[in-house]
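Here is the file work_7.cif (mmCIF, C-alpha atoms).
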data_start
#
loop_
_atom_site.group_PDB
_atom_site.id
_atom_site.type_symbol
_atom_site.label_atom_id
_atom_site.label_comp_id
_atom_site.auth_asym_id
_atom_site.auth_seq_id
_atom_site.Cartn_x
_atom_site.Cartn_y
_atom_site.Cartn_z
ATOM 1 C CA MET A 15 122.830 28.514 191.008
ATOM 2 C CA GLU A 16 126.520 28.050 191.816
ATOM 3 C CA VAL A 17 125.979 24.345 192.575
ATOM 4 C CA LEU A 18 123.668 23.897 189.571
ATOM 5 C CA GLY A 19 126.296 25.524 187.346
ATOM 6 C CA HIS A 20 128.134 22.207 187.073
ATOM 7 C CA PHE A 21 125.160 19.837 187.355
ATOM 8 C CA ASN A 22 125.078 19.115 183.593
ATOM 9 C CA TYR A 23 128.773 18.188 183.605
ATOM 10 C CA TRP A 24 128.288 15.773 186.505
ATOM 11 C CA VAL A 25 125.382 14.046 184.769
ATOM 12 C CA VAL A 26 127.561 13.790 181.645
ATOM 13 C CA VAL A 27 130.291 12.105 183.698
ATOM 14 C CA VAL A 28 127.761 9.706 185.272
ATOM 15 C CA LEU A 29 126.400 8.780 181.819
ATOM 16 C CA MET A 30 129.937 8.318 180.482
ATOM 17 C CA MET A 31 130.730 5.956 183.330
ATOM 18 C CA ILE A 32 127.480 3.993 182.776
ATOM 19 C CA GLY A 33 128.453 3.510 179.138
ATOM 20 C CA PHE A 34 132.065 2.710 180.043
ATOM 21 C CA TYR A 35 130.911 0.112 182.588
ATOM 22 C CA ALA A 36 128.595 -1.562 180.052
ATOM 23 C CA LEU A 37 131.523 -1.610 177.625
ATOM 24 C CA ILE A 38 134.123 -3.235 179.906
ATOM 25 C CA ALA A 39 132.065 -5.315 182.385
ATOM 26 C CA ARG A 40 129.465 -6.918 180.125
ATOM 27 C CA GLY A 41 130.391 -9.900 177.959
ATOM 28 C CA ASN A 42 127.490 -9.612 175.533
ATOM 29 C CA LEU A 43 128.593 -7.964 172.287
ATOM 30 C CA ILE A 44 125.308 -6.133 171.603
ATOM 31 C CA LYS A 45 125.308 -4.768 175.174
ATOM 32 C CA LYS A 46 128.840 -3.509 174.556
ATOM 33 C CA ILE A 47 127.718 -1.624 171.433
ATOM 34 C CA VAL A 48 124.781 -0.087 173.336
ATOM 35 C CA GLY A 49 127.293 0.959 176.018
ATOM 36 C CA LEU A 50 129.486 2.543 173.359
ATOM 37 C CA ASN A 51 126.446 4.487 172.101
ATOM 38 C CA ILE A 52 125.669 5.723 175.623
ATOM 39 C CA PHE A 53 129.262 6.887 176.014
ATOM 40 C CA GLN A 54 129.143 8.642 172.633
ATOM 41 C CA ALA A 55 125.868 10.429 173.392
ATOM 42 C CA SER A 56 127.221 11.672 176.722
ATOM 43 C CA VAL A 57 130.187 13.248 174.922
ATOM 44 C CA PHE A 58 127.707 14.952 172.555
ATOM 45 C CA LEU A 59 125.852 16.306 175.592
ATOM 46 C CA LEU A 60 129.116 17.661 177.038
ATOM 47 C CA PHE A 61 129.867 19.624 173.857
ATOM 48 C CA ILE A 62 126.321 20.979 173.483
ATOM 49 C CA THR A 63 126.308 21.998 177.158
ATOM 50 C CA LEU A 64 129.515 23.986 176.615
ATOM 51 C CA GLY A 65 127.889 25.813 173.682
ATOM 52 C CA LYS A 66 124.831 27.046 175.600
ATOM 53 C CA VAL A 67 124.585 30.731 176.524
ATOM 54 C CA THR A 68 122.113 31.791 179.228
ATOM 55 C CA GLY A 69 119.180 33.601 177.628
ATOM 56 C CA GLY A 70 120.467 32.694 174.184
ATOM 57 C CA SER A 71 118.447 31.374 171.295
ATOM 58 C CA ALA A 72 119.101 28.776 168.573
ATOM 59 C CA PRO A 73 121.777 30.086 166.139
ATOM 60 C CA ILE A 74 119.357 31.016 163.333
ATOM 61 C CA ILE A 75 119.642 34.698 162.468
ATOM 62 C CA ALA A 76 116.298 36.501 162.969
ATOM 63 C CA GLU A 77 114.989 39.994 163.654
ATOM 64 C CA GLY A 78 114.873 41.074 167.274
ATOM 65 C CA ILE A 79 117.204 38.406 168.660
ATOM 66 C CA THR A 80 120.593 39.521 169.908
ATOM 67 C CA VAL A 81 121.952 36.597 171.952
ATOM 68 C CA TYR A 82 122.644 33.305 170.186
ATOM 69 C CA SER A 83 124.086 30.064 171.513
ATOM 70 C CA ASN A 84 127.432 29.011 170.096
ATOM 71 C CA PRO A 85 126.936 27.245 166.712
ATOM 72 C CA LEU A 86 130.382 25.615 166.529
ATOM 73 C CA PRO A 87 129.779 22.717 168.995
ATOM 74 C CA HIS A 88 126.525 22.019 167.116
ATOM 75 C CA VAL A 89 128.406 21.627 163.832
ATOM 76 C CA LEU A 90 131.016 19.355 165.425
ATOM 77 C CA ILE A 91 128.379 17.149 167.025
ATOM 78 C CA LEU A 92 126.275 16.888 163.847
ATOM 79 C CA THR A 93 129.313 15.352 162.168
ATOM 80 C CA ALA A 94 130.027 13.163 165.210
ATOM 81 C CA ILE A 95 126.466 11.741 165.330
ATOM 82 C CA VAL A 96 126.663 10.588 161.722
ATOM 83 C CA VAL A 97 130.146 9.118 162.181
ATOM 84 C CA GLY A 98 128.813 7.456 165.365
ATOM 85 C CA VAL A 99 126.062 5.651 163.495
ATOM 86 C CA ALA A 100 128.617 4.493 160.922
ATOM 87 C CA THR A 101 130.695 2.987 163.766
ATOM 88 C CA THR A 102 127.585 1.333 165.219
ATOM 89 C CA ALA A 103 126.673 -0.198 161.860
ATOM 90 C CA LEU A 104 130.185 -1.596 161.392
ATOM 91 C CA GLY A 105 130.212 -2.999 164.948
ATOM 92 C CA LEU A 106 126.818 -4.640 164.458
ATOM 93 C CA ALA A 107 127.947 -6.168 161.157
ATOM 94 C CA LEU A 108 130.922 -7.667 163.034
ATOM 95 C CA VAL A 109 128.520 -9.062 165.651
ATOM 96 C CA VAL A 110 126.415 -10.730 162.931
ATOM 97 C CA ARG A 111 129.570 -12.183 161.374
ATOM 98 C CA ILE A 112 130.841 -13.473 164.759
ATOM 99 C CA HIS A 113 127.455 -15.060 165.426
ATOM 100 C CA GLU A 114 127.610 -16.846 162.064
ATOM 101 C CA SER A 115 131.006 -18.349 162.893
ATOM 102 C CA TYR A 116 130.607 -19.093 166.624
ATOM 103 C CA SER A 117 126.790 -19.262 167.124
ATOM 104 C CA THR A 118 127.168 -17.088 170.219
ATOM 105 C CA ILE A 119 127.596 -13.399 171.035
ATOM 106 C CA GLU A 120 128.986 -13.888 174.559
ATOM 107 C CA GLU A 121 132.636 -12.859 174.796
ATOM 108 C CA ASN A 122 133.741 -15.583 177.273
ATOM 109 C CA GLU A 123 132.151 -18.389 175.199
ATOM 110 C CA ILE A 124 133.959 -17.132 172.088
ATOM 111 C CA ALA A 125 137.246 -17.076 174.056
ATOM 112 C CA ASP A 126 136.613 -20.651 175.292
ATOM 113 C CA MET A 127 135.983 -21.875 171.742
ATOM 114 C CA ASP A 128 139.192 -20.216 170.554
ATOM 115 C CA ARG A 129 141.166 -21.933 173.336
ATOM 116 C CA GLU A 130 139.899 -25.408 172.376
ATOM 117 C CA PRO A 131 142.203 -27.182 169.910
ATOM 118 C CA MET B 27 111.501 26.562 184.525
ATOM 119 C CA ILE B 28 113.844 25.504 181.709
ATOM 120 C CA LEU B 29 116.392 24.558 184.347
ATOM 121 C CA ALA B 30 113.807 22.337 186.064
ATOM 122 C CA ILE B 31 112.954 20.511 182.790
ATOM 123 C CA ASP B 32 116.677 20.173 182.112
ATOM 124 C CA ILE B 33 117.298 18.550 185.500
ATOM 125 C CA VAL B 34 114.310 16.175 185.179
ATOM 126 C CA LEU B 35 115.428 15.037 181.710
ATOM 127 C CA LEU B 36 119.027 14.550 182.844
ATOM 128 C CA VAL B 37 117.924 12.427 185.834
ATOM 129 C CA LEU B 38 115.692 10.373 183.503
ATOM 130 C CA LEU B 39 118.715 9.827 181.223
ATOM 131 C CA ALA B 40 120.741 8.457 184.132
ATOM 132 C CA VAL B 41 117.846 6.172 185.180
ATOM 133 C CA VAL B 42 117.484 4.805 181.630
ATOM 134 C CA GLY B 43 121.253 4.262 181.483
ATOM 135 C CA ILE B 44 121.267 2.231 184.707
ATOM 136 C CA ALA B 45 118.241 0.219 183.511
ATOM 137 C CA ILE B 46 120.145 -0.610 180.284
ATOM 138 C CA ILE B 47 123.018 -2.054 182.335
ATOM 139 C CA ARG B 48 120.752 -4.086 184.638
ATOM 140 C CA LEU B 49 118.359 -5.617 182.087
ATOM 141 C CA ARG B 50 119.225 -8.991 180.514
ATOM 142 C CA ASN B 51 116.578 -8.951 177.775
ATOM 143 C CA LEU B 52 118.369 -7.426 174.790
ATOM 144 C CA PHE B 53 115.126 -6.373 173.076
ATOM 145 C CA ALA B 54 114.321 -4.190 176.104
ATOM 146 C CA VAL B 55 117.902 -2.888 176.099
ATOM 147 C CA VAL B 56 117.619 -1.799 172.452
ATOM 148 C CA MET B 57 114.245 -0.126 173.071
ATOM 149 C CA LEU B 58 115.669 1.710 176.100
ATOM 150 C CA SER B 59 118.624 2.875 174.036
ATOM 151 C CA GLY B 60 116.103 4.382 171.594
ATOM 152 C CA ILE B 61 114.389 6.146 174.500
ATOM 153 C CA TYR B 62 117.813 7.320 175.686
ATOM 154 C CA SER B 63 118.480 8.937 172.300
ATOM 155 C CA LEU B 64 115.047 10.554 172.266
ATOM 156 C CA LEU B 65 115.571 12.044 175.756
ATOM 157 C CA MET B 66 118.962 13.253 174.558
ATOM 158 C CA ALA B 67 117.251 14.960 171.589
ATOM 159 C CA CYS B 68 114.826 16.722 174.002
ATOM 160 C CA ILE B 69 117.768 18.032 176.025
ATOM 161 C CA PHE B 70 119.442 19.268 172.830
ATOM 162 C CA VAL B 71 116.305 21.313 172.024
ATOM 163 C CA LEU B 72 116.454 22.843 175.513
ATOM 164 C CA LEU B 73 120.116 23.683 174.980
ATOM 165 C CA ASP B 74 119.301 25.521 171.684
ATOM 166 C CA ALA B 75 120.870 22.846 169.461
ATOM 167 C CA VAL B 76 117.828 22.260 167.246
ATOM 168 C CA ASP B 77 119.765 20.848 164.270
ATOM 169 C CA VAL B 78 121.570 18.384 166.508
ATOM 170 C CA ALA B 79 118.248 17.390 168.090
ATOM 171 C CA PHE B 80 116.748 16.587 164.644
ATOM 172 C CA THR B 81 119.730 14.459 163.727
ATOM 173 C CA GLU B 82 119.868 12.674 167.078
ATOM 174 C CA ALA B 83 116.142 11.865 166.953
ATOM 175 C CA ALA B 84 116.351 10.601 163.359
ATOM 176 C CA VAL B 85 119.710 8.834 163.470
ATOM 177 C CA GLY B 86 120.158 7.929 167.148
ATOM 178 C CA ALA B 87 116.591 6.973 168.024
ATOM 179 C CA GLY B 88 115.617 5.875 164.504
ATOM 180 C CA ILE B 89 118.336 4.296 162.395
ATOM 181 C CA SER B 90 120.460 2.930 165.268
ATOM 182 C CA THR B 91 117.420 1.236 166.847
ATOM 183 C CA VAL B 92 116.368 -0.301 163.529
ATOM 184 C CA LEU B 93 119.921 -1.573 162.905
ATOM 185 C CA MET B 94 120.099 -3.116 166.373
ATOM 186 C CA LEU B 95 116.666 -4.753 166.027
ATOM 187 C CA GLY B 96 117.818 -6.243 162.724
ATOM 188 C CA VAL B 97 120.918 -7.664 164.402
ATOM 189 C CA LEU B 98 118.791 -9.069 167.255
ATOM 190 C CA ALA B 99 116.654 -10.880 164.670
ATOM 191 C CA LEU B 100 119.816 -12.426 163.215
ATOM 192 C CA THR B 101 121.399 -13.356 166.569
ATOM 193 C CA LYS B 102 120.138 -13.988 170.114
ATOM 194 C CA ASN B 103 118.019 -11.672 172.216
ATOM 195 C CA ARG B 104 118.922 -12.868 175.704
ATOM 196 C CA GLU B 105 122.105 -11.951 177.574
ATOM 197 C CA LYS B 106 123.675 -14.703 179.675
ATOM 198 C CA ILE B 107 124.534 -14.095 183.339
ATOM 199 C CA PRO B 108 128.255 -13.317 183.461
ATOM 200 C CA VAL B 109 130.530 -15.665 185.395
ATOM 201 C CA THR B 110 133.207 -13.136 186.295
ATOM 202 C CA THR B 111 132.906 -10.640 189.155
ATOM 203 C CA PRO B 112 132.537 -7.035 187.985
ATOM 204 C CA LEU B 113 134.836 -5.706 190.752
ATOM 205 C CA LEU B 114 137.781 -4.604 188.589
ATOM 206 C CA PRO B 115 135.566 -2.827 185.998
ATOM 207 C CA LEU B 116 133.651 -1.149 188.844
ATOM 208 C CA VAL B 117 136.853 0.187 190.431
ATOM 209 C CA THR B 118 138.147 1.356 187.032
ATOM 210 C CA VAL B 119 134.877 3.150 186.318
ATOM 211 C CA LEU B 120 134.722 4.823 189.747
ATOM 212 C CA VAL B 121 138.340 6.033 189.569
ATOM 213 C CA THR B 122 137.889 7.360 186.003
ATOM 214 C CA GLY B 123 134.601 9.039 186.971
ATOM 215 C CA GLY B 124 136.197 10.655 190.010
ATOM 216 C CA LEU B 125 139.039 12.039 187.918
ATOM 217 C CA LEU B 126 136.601 13.404 185.302
ATOM 218 C CA ILE B 127 134.462 15.096 187.981
ATOM 219 C CA TYR B 128 137.649 16.609 189.413
ATOM 220 C CA GLY B 129 138.339 17.852 185.876
ATOM 221 C CA THR B 130 134.932 19.588 185.607
ATOM 222 C CA TRP B 131 135.908 22.119 188.319
ATOM 223 C CA ASP B 132 137.968 23.998 185.746
ATOM 224 C CA LEU B 133 135.096 24.218 183.250
ATOM 225 C CA PRO B 134 133.165 27.518 183.038
ATOM 226 C CA ALA B 135 129.741 27.537 184.763
ATOM 227 C CA PHE B 136 126.786 26.364 182.654
ATOM 228 C CA GLY B 137 125.578 29.109 180.279
ATOM 229 C CA ASP B 138 128.283 31.618 181.183
ATOM 230 C CA PRO B 139 128.357 34.108 178.247
ATOM 231 C CA ASN B 140 131.994 35.040 179.007
ATOM 232 C CA ALA B 141 133.360 31.505 178.694
ATOM 233 C CA PRO B 142 136.391 31.373 176.365
ATOM 234 C CA ILE B 143 134.493 29.267 173.796
ATOM 235 C CA HIS B 144 132.053 32.156 173.182
ATOM 236 C CA LEU B 145 134.676 34.886 172.723
ATOM 237 C CA HIS B 146 136.527 33.783 169.574
ATOM 238 C CA VAL B 147 135.500 32.511 166.091
ATOM 239 C CA ALA B 148 131.811 31.969 166.926
ATOM 240 C CA PRO B 149 130.935 35.719 167.127
ATOM 241 C CA ALA B 150 132.511 36.214 163.699
ATOM 242 C CA TYR B 151 130.395 33.446 162.175
ATOM 243 C CA LEU B 152 127.259 34.846 163.843
ATOM 244 C CA ALA B 153 127.985 38.368 162.596
ATOM 245 C CA GLU B 154 129.077 37.540 159.020
ATOM 246 C CA GLY B 155 127.553 34.118 158.333
ATOM 247 C CA GLU B 156 124.253 35.201 156.841
ATOM 248 C CA HIS B 157 125.859 37.987 154.795
ATOM 249 C CA GLU B 158 128.655 35.749 153.430
ATOM 250 C CA THR B 159 126.765 32.512 152.701
ATOM 251 C CA GLY B 160 123.109 33.564 152.433
ATOM 252 C CA ALA B 161 121.982 30.966 154.953
ATOM 253 C CA PRO B 162 120.294 32.399 158.051
ATOM 254 C CA ASN B 163 120.946 29.160 159.925
ATOM 255 C CA ILE B 164 124.566 29.512 161.038
ATOM 256 C CA VAL B 165 124.946 25.770 161.685
ATOM 257 C CA THR B 166 124.094 25.094 158.035
ATOM 258 C CA ALA B 167 126.397 27.896 156.905
ATOM 259 C CA VAL B 168 129.373 26.475 158.817
ATOM 260 C CA LEU B 169 128.633 22.830 157.981
ATOM 261 C CA ALA B 170 128.046 23.235 154.256
ATOM 262 C CA SER B 171 130.106 26.303 153.396
ATOM 263 C CA TYR B 172 132.925 27.255 155.788
ATOM 264 C CA ARG B 173 133.746 23.673 156.820
ATOM 265 C CA GLY B 174 132.501 21.951 153.658
ATOM 266 C CA TYR B 175 135.678 19.868 153.431
ATOM 267 C CA ASP B 176 134.984 18.384 156.873
ATOM 268 C CA THR B 177 131.570 17.300 155.645
ATOM 269 C CA LEU B 178 133.255 15.706 152.629
ATOM 270 C CA GLY B 179 135.512 13.820 155.054
ATOM 271 C CA GLU B 180 132.418 12.713 156.977
ATOM 272 C CA VAL B 181 130.896 11.339 153.782
ATOM 273 C CA THR B 182 134.159 9.452 153.170
ATOM 274 C CA VAL B 183 133.878 7.893 156.634
ATOM 275 C CA ILE B 184 130.296 6.748 155.963
ATOM 276 C CA PHE B 185 131.337 5.368 152.565
ATOM 277 C CA THR B 186 134.181 3.396 154.167
ATOM 278 C CA ALA B 187 131.860 2.063 156.870
ATOM 279 C CA GLY B 188 129.339 1.067 154.198
ATOM 280 C CA ILE B 189 132.026 -0.858 152.277
ATOM 281 C CA GLY B 190 133.095 -2.535 155.530
ATOM 282 C CA VAL B 191 129.531 -3.625 156.372
ATOM 283 C CA LEU B 192 128.965 -4.928 152.835
ATOM 284 C CA LEU B 193 132.244 -6.895 152.825
ATOM 285 C CA LEU B 194 131.538 -8.445 156.243
ATOM 286 C CA LEU B 195 127.967 -9.456 155.486
ATOM 287 C CA SER B 196 128.361 -10.508 151.840
ATOM 288 C CA GLY B 197 131.343 -12.702 152.811
ATOM 289 C CA GLY B 198 129.039 -14.563 155.167
ATOM 290 C CA LEU B 199 126.423 -15.016 152.460
ATOM 291 C CA GLY B 200 129.013 -16.393 150.048
ATOM 292 C CA ARG B 201 130.106 -18.940 152.635
ATOM 293 C CA ARG B 202 126.496 -19.974 153.171
ATOM 294 C CA ARG B 203 125.954 -20.429 149.446
ATOM 295 C CA ARG B 204 128.917 -22.804 149.254
ATOM 296 C CA ASP B 205 127.584 -25.005 152.108
ATOM 297 C CA PRO B 206 123.844 -25.265 151.583
ATOM 298 C CA ASP B 207 123.578 -28.263 153.986
ATOM 299 C CA GLU B 208 125.111 -26.435 156.944
ATOM 300 C CA PRO B 209 122.408 -25.843 159.604
ATOM 301 C CA ASN B 210 122.015 -22.138 160.195
ATOM 302 C CA SER B 211 120.103 -20.713 163.160
ATOM 303 C CA GLY B 212 117.932 -18.026 161.655
ATOM 304 C CA GLY B 213 120.702 -16.285 159.722
ATOM 305 C CA GLY B 214 119.294 -16.894 156.278
ATOM 306 C CA GLY B 215 119.462 -14.301 153.539
ATOM 307 C CA ALA B 216 117.725 -11.472 155.396
ATOM 308 C CA SER B 217 120.644 -9.107 154.977
#

Entire entry expressed as structure tokens:
Amino acid sequence: MEVLGHFNYWVVVVLMMIGFYALIARGNLIKKIVGLNIFQASVFLLFITLGKVTGGSAPIIAEGITVYSNPLPHVLILTAIVVGVATTALGLALVVRIHESYSTIEENEIADMDREP
Amino acid sequence: MILAIDIVLLVLLAVVGIAIIRLRNLFAVVMLSGIYSLLMACIFVLLDAVDVAFTEAAVGAGISTVLMLGVLALTKNREKIPVTTPLLPLVTVLVTGGLLIYGTWDLPAFGDPNAPIHLHVAPAYLAEGEHETGAPNIVTAVLASYRGYDTLGEVTVIFTAGIGVLLLLSGGLGRRRRDPDEPNSGGGGAS
């Protein structure tokens, strides 16, 4: 149990790094946005993991239940999910706009076109 | 048992994440990102965050996937093989990951009821929330009543993002209307 006590956190870090890698190593703009989403979701998982109490139940008050998980991370993450989808929508709109102007969504091709006189 | 399901789902998440990086077909990438969100929603249910799981399944697996599919229809759905070597990003990622894992040693063990986060504020909401707001679901009580102004701020963010999307896309349409002869690869009027 002592080793498993931090297993969730390690998976969160691995997921964060997968998203981070997709964001900085891939030149495709849609792949970058998917990477950003992976990173975001891993942060959500970190917060929800911190809110869990062993043997606890969902924070809805009911008869006969005494231990509840912490509701505050849930509230924070609910807000963050919705803000996250707003960011995604704005990023995707930018991708559509870039594709209209450059006819490509590969970062290096866009940079090459910008360098040409 | 719950721990076993938790571990299986977390490993699946990591596998899906690696598959997303390796695949070049963007349609498959978008579908996998939907699966990723759905797996994430399952884990949220296991971790007692039912409200978050609903939202993640609806918004993360639903709306995000639909938005991305729409963008794929307007752009290209094949990623080109990159010309640069991914060595520098790989080193950056490994160093950052190592530092973050080093940072997790100070975090309380998973599910520890005596962790600092569980000792302040939250017990007060759990004890008084239903009595003060009338909502048995404490997440709803905090979101809509105690922290109602934060939710208002969230709505402002969505409104701003909506204006941004409209400005970006309608500008493109206006440009297209001015040059009707300009050849346009599949970007016509769908937005």

ask   = When the PyMOL selection byres ((chain A) within 7 of (chain B)) is applied to the file above, which residues end up in the set, as a VMD selection string?
value = chain A and resid 19 to 20 23 to 25 27 29 31 to 32 34 to 36 38 to 39 41 to 42 48 62 to 63 66 to 68 71 to 75 83 to 86 88 to 89 91 to 93 95 97 99 to 100 103 to 104 106 to 108 110 to 111 113

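Closest approach to Tyr82 in chain A from the set A:Gly65, A:Leu59, A:Ala94, A:Glu123 is made by A:Gly65, with distances taken over all atoms listed in the file.
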
request  = Kindly indicate which residue among A:Ile44, A:Gly78, A:Thr102, A:Val28 lies nearest to Thr118 in chain A, using all atoms listed in the file for the distances.
outcome  = A:Ile44

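Separating CA of Arg129 in chain A from CA of Arg40 in chain A is a distance of 20.2 Å.
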
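Proximity of A:Leu64, A:Gly33, A:Gln54, A:Met127 to Pro87 in chain A, computed with all atoms listed in the file, is greatest for A:Leu64.
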
task = Could you jot down the CA of Ile79 in chain A to CA of Val34 in chain B separation for me, Å, one decimal place?
result = 27.8 Å

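In this structure, CA of Leu35 in chain B sits 12.2 Å away from CA of Val26 in chain A.
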
Please determine an axis-aligned box that encloses all atoms of range 176-191 of chain B listed in the file, with 6 Å added on each side, and express its centre and edge lengths in Å to one decimal as AutoDock Vina command-line options.
--center_x 132.4 --center_y 7.4 --center_z 154.6 --size_x 18.2 --size_y 34.0 --size_z 16.7

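The shortest atom-to-atom distance to Ser56 in chain A, with all atoms listed in the file taken into account, belongs to A:Met30 out of A:Val109, A:Ile119, A:Met30, A:Ile124.
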